Amino acid sequence: MPSLKDLRNRIASVKATQKITKAMQMVAAAKLRRAQSAAEAARPYAGRMAVVLSNLSSAMHGRIGAPPLMVGTGKDQVHLLVVCTAERGLCGGFNSSIARLARDHAMELMQQGKTVKMLCVGKKGNDALKRLFAKQIIGVEDLRAVRSLAFKDARKIGDKVIDMFEAGEYDVCTLFYAKFQSVISQVPTAQQLIPASVDAEASESFYEYEPDEEEILADLLPRNVSVQIFQALLENAASEQGARMTAMDNATRNAGDMIDKLTLTYNRSRQAQITKELIEIISGAEAI
(Lines give C-alpha, C1' and ligand atoms only; values in the text may rest on other atoms or scores of the structure.)
Protein backbone atom coordinates (compact mmCIF):
# COMPACT_ATOMS: atom_id res chain seq x y z
CA MET A 1 0.00 0.00 0.00
CA PRO A 2 1.44 3.43 -0.91
CA SER A 3 2.54 5.74 1.87
CA LEU A 4 0.83 9.01 2.73
CA LYS A 5 3.63 10.93 1.04
CA ASP A 6 3.21 8.90 -2.15
CA LEU A 7 -0.53 9.58 -2.13
CA ARG A 8 0.02 13.32 -1.60
CA ASN A 9 2.48 13.41 -4.50
CA ARG A 10 0.07 11.47 -6.70
CA ILE A 11 -2.81 13.83 -5.90
CA ALA A 12 -0.65 16.87 -6.62
CA SER A 13 0.46 15.33 -9.94
CA VAL A 14 -3.10 14.59 -11.06
CA LYS A 15 -4.22 18.10 -10.07
CA ALA A 16 -1.43 19.58 -12.19
CA THR A 17 -2.50 17.39 -15.12
CA GLN A 18 -6.11 18.46 -14.63
CA LYS A 19 -5.10 22.12 -14.89
CA ILE A 20 -3.31 21.39 -18.17
CA THR A 21 -6.24 19.48 -19.71
CA LYS A 22 -8.66 22.19 -18.59
CA ALA A 23 -6.49 24.88 -20.20
CA MET A 24 -6.21 22.84 -23.42
CA GLN A 25 -10.00 22.44 -23.47
CA MET A 26 -10.49 26.20 -23.21
CA VAL A 27 -7.90 26.89 -25.92
CA ALA A 28 -9.53 24.32 -28.22
CA ALA A 29 -12.95 25.91 -27.61
CA ALA A 30 -11.59 29.33 -28.62
CA LYS A 31 -9.90 27.95 -31.74
CA LEU A 32 -12.98 25.90 -32.65
CA ARG A 33 -15.16 28.98 -33.12
CA ARG A 34 -12.78 30.45 -35.69
CA ALA A 35 -12.12 27.13 -37.43
CA GLN A 36 -15.83 26.28 -37.63
CA SER A 37 -16.66 29.69 -39.09
CA ALA A 38 -13.94 29.28 -41.73
CA ALA A 39 -15.10 25.79 -42.69
CA GLU A 40 -18.75 26.81 -42.95
CA ALA A 41 -17.86 29.92 -44.97
CA ALA A 42 -15.92 27.83 -47.52
CA ARG A 43 -18.66 25.24 -48.07
CA PRO A 44 -20.89 27.36 -50.39
CA TYR A 45 -17.93 28.21 -52.65
CA ALA A 46 -16.77 24.60 -52.91
CA GLY A 47 -20.34 23.41 -53.44
CA ARG A 48 -21.02 25.94 -56.16
CA MET A 49 -17.80 25.03 -57.95
CA ALA A 50 -18.90 21.38 -57.88
CA VAL A 51 -22.21 22.39 -59.51
CA VAL A 52 -20.45 24.34 -62.26
CA LEU A 53 -18.06 21.46 -62.92
CA SER A 54 -20.95 19.01 -63.09
CA ASN A 55 -22.70 21.15 -65.71
CA LEU A 56 -19.53 21.59 -67.73
CA SER A 57 -18.75 17.88 -67.50
CA SER A 58 -22.22 17.03 -68.79
CA ALA A 59 -21.76 19.42 -71.69
CA MET A 60 -18.37 17.88 -72.50
CA HIS A 61 -19.53 14.29 -72.15
CA GLY A 62 -18.62 12.24 -75.20
CA ARG A 63 -16.52 14.95 -76.83
CA ILE A 64 -13.08 14.19 -78.16
CA GLY A 65 -10.25 15.99 -76.37
CA ALA A 66 -11.92 16.36 -72.98
CA PRO A 67 -9.45 17.46 -70.26
CA PRO A 68 -7.66 14.53 -68.57
CA LEU A 69 -8.38 16.00 -65.12
CA MET A 70 -12.07 15.49 -65.87
CA VAL A 71 -12.09 12.14 -67.67
CA GLY A 72 -8.92 10.59 -66.27
CA THR A 73 -6.27 8.59 -68.08
CA GLY A 74 -8.63 5.82 -69.12
CA LYS A 75 -6.93 3.46 -66.66
CA ASP A 76 -7.56 2.51 -63.04
CA GLN A 77 -4.30 0.86 -62.04
CA VAL A 78 -2.35 3.39 -59.95
CA HIS A 79 -4.11 5.20 -57.10
CA LEU A 80 -2.85 8.21 -55.15
CA LEU A 81 -4.31 8.64 -51.66
CA VAL A 82 -3.99 12.14 -50.18
CA VAL A 83 -4.47 11.63 -46.44
CA CYS A 84 -5.10 14.83 -44.45
CA THR A 85 -4.66 14.62 -40.67
CA ALA A 86 -3.46 16.87 -37.85
CA GLU A 87 0.08 17.80 -36.94
CA ARG A 88 -0.56 17.19 -33.23
CA GLY A 89 -2.26 14.59 -31.08
CA LEU A 90 -4.37 14.75 -27.91
CA CYS A 91 -7.56 14.96 -29.98
CA GLY A 92 -9.21 11.61 -29.31
CA GLY A 93 -9.77 9.34 -32.28
CA PHE A 94 -9.68 12.12 -34.88
CA ASN A 95 -6.38 11.16 -36.54
CA SER A 96 -6.82 7.40 -36.18
CA SER A 97 -10.28 7.41 -37.79
CA ILE A 98 -8.98 9.14 -40.95
CA ALA A 99 -5.92 6.88 -41.07
CA ARG A 100 -8.14 3.82 -40.63
CA LEU A 101 -10.38 4.83 -43.54
CA ALA A 102 -7.34 5.39 -45.77
CA ARG A 103 -5.77 2.12 -44.63
CA ASP A 104 -8.92 0.10 -45.37
CA HIS A 105 -9.23 1.74 -48.80
CA ALA A 106 -5.57 1.03 -49.57
CA MET A 107 -5.83 -2.60 -48.47
CA GLU A 108 -8.92 -3.10 -50.64
CA LEU A 109 -7.13 -1.63 -53.68
CA MET A 110 -4.02 -3.74 -53.10
CA GLN A 111 -6.13 -6.89 -52.82
CA GLN A 112 -7.51 -6.04 -56.27
CA GLY A 113 -3.96 -5.86 -57.63
CA LYS A 114 -3.82 -2.06 -57.82
CA THR A 115 -0.75 0.05 -57.12
CA VAL A 116 -1.18 2.45 -54.18
CA LYS A 117 0.77 5.64 -53.48
CA MET A 118 0.19 7.89 -50.47
CA LEU A 119 0.76 11.57 -49.88
CA CYS A 120 0.34 12.43 -46.18
CA VAL A 121 -0.69 15.95 -45.23
CA GLY A 122 0.05 16.12 -41.52
CA LYS A 123 2.52 14.35 -39.25
CA LYS A 124 0.03 12.12 -37.44
CA GLY A 125 -1.26 10.49 -40.60
CA ASN A 126 2.28 9.61 -41.62
CA ASP A 127 3.02 8.19 -38.16
CA ALA A 128 -0.06 5.97 -38.26
CA LEU A 129 0.35 4.71 -41.84
CA LYS A 130 4.11 4.25 -42.17
CA ARG A 131 3.98 1.06 -40.10
CA LEU A 132 2.08 -0.75 -42.86
CA PHE A 133 2.67 1.45 -45.91
CA ALA A 134 6.22 2.76 -45.57
CA LYS A 135 6.98 1.86 -49.20
CA GLN A 136 3.74 3.41 -50.48
CA ILE A 137 4.24 6.82 -48.81
CA ILE A 138 5.88 9.08 -51.39
CA GLY A 139 5.83 12.33 -49.44
CA VAL A 140 4.73 14.20 -46.30
CA GLU A 141 3.45 17.78 -46.34
CA ASP A 142 4.34 19.52 -43.08
CA LEU A 143 1.98 22.31 -41.99
CA ARG A 144 3.28 22.77 -38.44
CA ALA A 145 4.64 26.22 -39.29
CA VAL A 146 1.25 27.39 -40.62
CA ARG A 147 -0.65 29.27 -37.93
CA SER A 148 -3.66 30.22 -40.03
CA LEU A 149 -4.62 28.15 -43.06
CA ALA A 150 -4.75 30.04 -46.34
CA PHE A 151 -5.57 29.04 -49.91
CA LYS A 152 -1.89 29.27 -50.84
CA ASP A 153 -1.16 26.34 -48.51
CA ALA A 154 -3.71 24.18 -50.31
CA ARG A 155 -2.56 25.50 -53.69
CA LYS A 156 0.94 24.21 -53.00
CA ILE A 157 -0.39 20.71 -52.33
CA GLY A 158 -2.80 20.90 -55.27
CA ASP A 159 -0.03 21.88 -57.68
CA LYS A 160 2.03 18.90 -56.52
CA VAL A 161 -0.91 16.54 -57.06
CA ILE A 162 -1.56 17.92 -60.55
CA ASP A 163 2.13 17.79 -61.51
CA MET A 164 2.25 14.13 -60.52
CA PHE A 165 -0.87 13.41 -62.57
CA GLU A 166 0.48 15.19 -65.64
CA ALA A 167 3.73 13.21 -65.25
CA GLY A 168 1.71 10.00 -65.44
CA GLU A 169 2.54 8.87 -61.89
CA TYR A 170 -1.04 7.79 -61.08
CA ASP A 171 -4.51 7.37 -62.60
CA VAL A 172 -6.94 8.12 -59.76
CA CYS A 173 -6.57 10.48 -56.79
CA THR A 174 -8.68 10.24 -53.63
CA LEU A 175 -8.72 12.73 -50.77
CA PHE A 176 -9.24 11.65 -47.13
CA TYR A 177 -10.27 14.01 -44.33
CA ALA A 178 -12.84 14.43 -41.54
CA LYS A 179 -15.95 16.47 -42.24
CA PHE A 180 -17.01 18.61 -39.29
CA GLN A 181 -20.58 18.16 -38.11
CA SER A 182 -20.45 19.07 -34.43
CA VAL A 183 -18.16 19.07 -31.43
CA ILE A 184 -18.86 15.38 -30.84
CA SER A 185 -19.23 14.29 -34.48
CA GLN A 186 -16.51 14.37 -37.14
CA VAL A 187 -17.13 12.07 -40.10
CA PRO A 188 -14.13 10.49 -41.90
CA THR A 189 -14.69 11.15 -45.62
CA ALA A 190 -13.16 9.88 -48.87
CA GLN A 191 -13.59 12.15 -51.90
CA GLN A 192 -12.34 11.48 -55.41
CA LEU A 193 -10.35 14.41 -56.78
CA ILE A 194 -9.06 13.08 -60.12
CA PRO A 195 -10.89 12.36 -62.34
CA ALA A 196 -13.30 15.00 -61.08
CA SER A 197 -16.41 13.37 -59.64
CA VAL A 198 -19.66 14.45 -61.26
CA ASP A 199 -22.87 14.87 -59.28
CA ALA A 200 -25.70 13.75 -61.53
CA GLU A 201 -28.31 15.72 -59.56
CA ALA A 202 -26.26 18.91 -59.76
CA SER A 203 -25.98 18.65 -63.53
CA GLU A 204 -29.70 18.58 -64.27
CA SER A 205 -29.68 22.29 -65.21
CA PHE A 206 -27.69 23.36 -68.25
CA TYR A 207 -26.16 26.74 -68.97
CA GLU A 208 -24.37 28.39 -71.83
CA TYR A 209 -20.87 29.53 -70.94
CA GLU A 210 -18.70 32.28 -72.36
CA PRO A 211 -15.94 31.52 -73.29
CA ASP A 212 -16.43 27.91 -74.35
CA GLU A 213 -16.35 24.90 -72.02
CA GLU A 214 -12.82 23.81 -72.95
CA GLU A 215 -11.30 27.16 -72.01
CA ILE A 216 -13.21 27.37 -68.74
CA LEU A 217 -12.32 23.81 -67.73
CA ALA A 218 -8.64 24.39 -68.49
CA ASP A 219 -8.59 26.98 -65.69
CA LEU A 220 -11.34 25.61 -63.43
CA LEU A 221 -10.24 21.97 -63.11
CA PRO A 222 -6.78 22.68 -61.62
CA ARG A 223 -8.32 25.29 -59.34
CA ASN A 224 -10.98 22.81 -58.23
CA VAL A 225 -8.29 20.42 -56.97
CA SER A 226 -6.82 23.14 -54.76
CA VAL A 227 -10.28 24.30 -53.64
CA GLN A 228 -11.31 20.80 -52.55
CA ILE A 229 -8.01 20.31 -50.70
CA PHE A 230 -8.46 23.71 -49.02
CA GLN A 231 -12.00 22.77 -48.00
CA ALA A 232 -10.69 19.46 -46.59
CA LEU A 233 -8.00 21.26 -44.58
CA LEU A 234 -10.57 23.69 -43.15
CA GLU A 235 -12.94 20.85 -42.26
CA ASN A 236 -10.02 19.04 -40.64
CA ALA A 237 -9.04 22.11 -38.62
CA ALA A 238 -12.55 22.43 -37.19
CA SER A 239 -12.82 18.68 -36.60
CA GLU A 240 -9.46 18.59 -34.84
CA GLN A 241 -10.39 21.33 -32.40
CA GLY A 242 -13.82 19.81 -31.77
CA ALA A 243 -12.27 16.40 -31.09
CA ARG A 244 -9.58 17.93 -28.86
CA MET A 245 -12.16 19.91 -26.91
CA THR A 246 -14.17 16.74 -26.25
CA ALA A 247 -11.08 14.67 -25.41
CA MET A 248 -9.72 17.26 -22.96
CA ASP A 249 -13.13 17.63 -21.33
CA ASN A 250 -13.23 13.86 -20.76
CA ALA A 251 -9.64 13.93 -19.47
CA THR A 252 -10.50 16.74 -17.03
CA ARG A 253 -13.50 14.81 -15.71
CA ASN A 254 -11.46 11.63 -15.37
CA ALA A 255 -8.75 13.54 -13.49
CA GLY A 256 -11.40 14.87 -11.11
CA ASP A 257 -12.70 11.35 -10.47
CA MET A 258 -9.16 10.10 -9.85
CA ILE A 259 -8.48 12.97 -7.43
CA ASP A 260 -11.63 12.09 -5.47
CA LYS A 261 -10.62 8.42 -5.24
CA LEU A 262 -7.04 9.23 -4.24
CA THR A 263 -8.23 11.75 -1.65
CA LEU A 264 -10.57 9.15 -0.15
CA THR A 265 -7.74 6.61 -0.03
CA TYR A 266 -5.45 9.21 1.51
CA ASN A 267 -7.99 10.13 4.21
CA ARG A 268 -8.62 6.49 5.07
CA SER A 269 -4.90 5.72 5.26
CA ARG A 270 -4.29 8.79 7.40
CA GLN A 271 -7.16 7.90 9.72
CA ALA A 272 -5.87 4.34 10.02
CA GLN A 273 -2.38 5.61 10.85
CA ILE A 274 -3.73 8.02 13.49
CA THR A 275 -5.82 5.24 15.03
CA LYS A 276 -2.78 2.95 15.11
CA GLU A 277 -0.67 5.61 16.82
CA LEU A 278 -3.41 6.25 19.42
CA ILE A 279 -3.63 2.54 20.18
CA GLU A 280 0.15 2.40 20.64
CA ILE A 281 0.07 5.40 22.99
CA ILE A 282 -2.81 3.98 25.05
CA SER A 283 -1.17 0.56 25.20
CA GLY A 284 2.07 2.13 26.38
CA ALA A 285 0.30 4.19 29.03
CA GLU A 286 -1.53 1.14 30.39
CA ALA A 287 1.73 -0.80 30.52
CA ILE A 288 3.22 1.86 32.79
# chains A, B, ... in the order shown; residues from 1 in each chain; ligands from 1
call {"tool": "residues_around", "arguments": {"residues": "range 34-47 of chain A", "least_positions_apart": "6", "cutoff": "12 Å", "atoms": "only C-alpha atoms", "output": "NGL selection string"}}
result
:A and (27-28 or 53-54 or 147-151 or 178-183 or 186 or 198-199 or 202 or 220 or 223-242)
call {"tool": "residues_around", "arguments": {"residues": "Arg144 in chain A", "least_positions_apart": "4", "cutoff": "12 Å", "atoms": "only C-alpha atoms", "output": "VMD selection string"}}
result
chain A and resid 85 to 88 121 to 124 140 148 to 149 153
call {"tool": "write_last_selection", "arguments": {"atoms": "N, CA, C and O atoms", "output": "mmCIF file, in the first residue's frame"}}
result
data_model
loop_
_atom_site.group_PDB
_atom_site.id
_atom_site.type_symbol
_atom_site.label_atom_id
_atom_site.label_comp_id
_atom_site.auth_asym_id
_atom_site.auth_seq_id
_atom_site.Cartn_x
_atom_site.Cartn_y
_atom_site.Cartn_z
ATOM 1 N N THR A 85 -4.461 14.771 -42.112
ATOM 2 C CA THR A 85 -4.661 14.621 -40.673
ATOM 3 C C THR A 85 -4.060 15.839 -39.973
ATOM 4 O O THR A 85 -3.627 16.791 -40.610
ATOM 5 N N ALA A 86 -3.998 15.760 -38.637
ATOM 6 C CA ALA A 86 -3.464 16.871 -37.853
ATOM 7 C C ALA A 86 -1.957 16.730 -37.680
ATOM 8 O O ALA A 86 -1.378 15.667 -37.910
ATOM 9 N N GLU A 87 -1.340 17.816 -37.250
ATOM 10 C CA GLU A 87 0.085 17.798 -36.938
ATOM 11 C C GLU A 87 0.341 17.421 -35.483
ATOM 12 O O GLU A 87 1.452 17.051 -35.116
ATOM 13 N N ARG A 88 -0.707 17.472 -34.661
ATOM 14 C CA ARG A 88 -0.561 17.188 -33.233
ATOM 15 C C ARG A 88 -1.618 16.186 -32.789
ATOM 16 O O ARG A 88 -2.626 15.995 -33.457
ATOM 17 N N VAL A 121 -0.662 14.541 -45.605
ATOM 18 C CA VAL A 121 -0.690 15.954 -45.230
ATOM 19 C C VAL A 121 -0.925 15.994 -43.724
ATOM 20 O O VAL A 121 -2.040 15.829 -43.251
ATOM 21 N N GLY A 122 0.153 16.174 -42.971
ATOM 22 C CA GLY A 122 0.046 16.118 -41.522
ATOM 23 C C GLY A 122 0.907 15.000 -40.950
ATOM 24 O O GLY A 122 0.951 13.893 -41.485
ATOM 25 N N LYS A 123 1.578 15.283 -39.852
ATOM 26 C CA LYS A 123 2.525 14.353 -39.246
ATOM 27 C C LYS A 123 1.841 13.106 -38.703
ATOM 28 O O LYS A 123 2.362 11.988 -38.835
ATOM 29 N N LYS A 124 0.677 13.252 -38.101
ATOM 30 C CA LYS A 124 0.028 12.123 -37.436
ATOM 31 C C LYS A 124 -0.433 11.060 -38.419
ATOM 32 O O LYS A 124 -0.412 9.865 -38.115
ATOM 33 N N VAL A 140 5.450 13.685 -47.476
ATOM 34 C CA VAL A 140 4.729 14.195 -46.305
ATOM 35 C C VAL A 140 4.746 15.718 -46.365
ATOM 36 O O VAL A 140 5.820 16.332 -46.455
ATOM 37 N N SER A 148 -2.311 30.014 -39.515
ATOM 38 C CA SER A 148 -3.661 30.220 -40.033
ATOM 39 C C SER A 148 -3.713 29.725 -41.479
ATOM 40 O O SER A 148 -2.976 30.231 -42.336
ATOM 41 N N LEU A 149 -4.551 28.741 -41.727
ATOM 42 C CA LEU A 149 -4.621 28.149 -43.058
ATOM 43 C C LEU A 149 -5.067 29.172 -44.090
ATOM 44 O O LEU A 149 -6.006 29.940 -43.867
ATOM 45 N N ASP A 153 -1.653 27.603 -49.073
ATOM 46 C CA ASP A 153 -1.164 26.342 -48.507
ATOM 47 C C ASP A 153 -1.761 25.150 -49.241
ATOM 48 O O ASP A 153 -1.075 24.169 -49.538
#
call {"tool": "closest_residue", "arguments": {"among": "A:Leu221, A:Asn9, A:Glu108, A:Asn254", "to": "Ile162 in chain A", "atoms": "only C-alpha atoms"}}
result
A:Leu221
call {"tool": "closest_residue", "arguments": {"among": "A:His79, A:Arg131, A:His105, A:Arg155", "to": "Leu119 in chain A", "atoms": "only C-alpha atoms"}}
result
A:His79
call {"tool": "select_by_dssp", "arguments": {"residues": "range 82-262 of chain A", "states": "helix (DSSP H, G or I)", "output": "ChimeraX atom specification"}}
result
/A:94-111,123-133,151-166,213-262
call {"tool": "residues_around", "arguments": {"residues": "Ser197 in chain A", "least_positions_apart": "4", "cutoff": "9 Å", "atoms": "only C-alpha atoms", "output": "VMD selection string"}}
result
chain A and resid 50 53 to 54 70 191 to 193
call {"tool": "residues_around", "arguments": {"residues": "Leu109 in chain A", "least_positions_apart": "2", "cutoff": "12 Å", "atoms": "only C-alpha atoms", "output": "MDAnalysis selection string"}}
result
chainID A and resid 76:81 102:107 111:117 172 174
call {"tool": "atom_distance", "arguments": {"atom1": "CA of Asn95 in chain A", "atom2": "CA of Val146 in chain A"}}
result
18.4 Å
call {"tool": "atom_distance", "arguments": {"atom1": "CA of Ser269 in chain A", "atom2": "CA of Ala16 in chain A"}}
result
22.6 Å
call {"tool": "closest_residue", "arguments": {"among": "A:Leu217, A:Met24, A:Met248, A:Ala243", "to": "Pro67 in chain A", "atoms": "only C-alpha atoms"}}
result
A:Leu217
call {"tool": "closest_residue", "arguments": {"among": "A:Gln18, A:Asn55, A:Ser13, A:Ser3", "to": "Gly256 in chain A", "atoms": "only C-alpha atoms"}}
result
A:Gln18
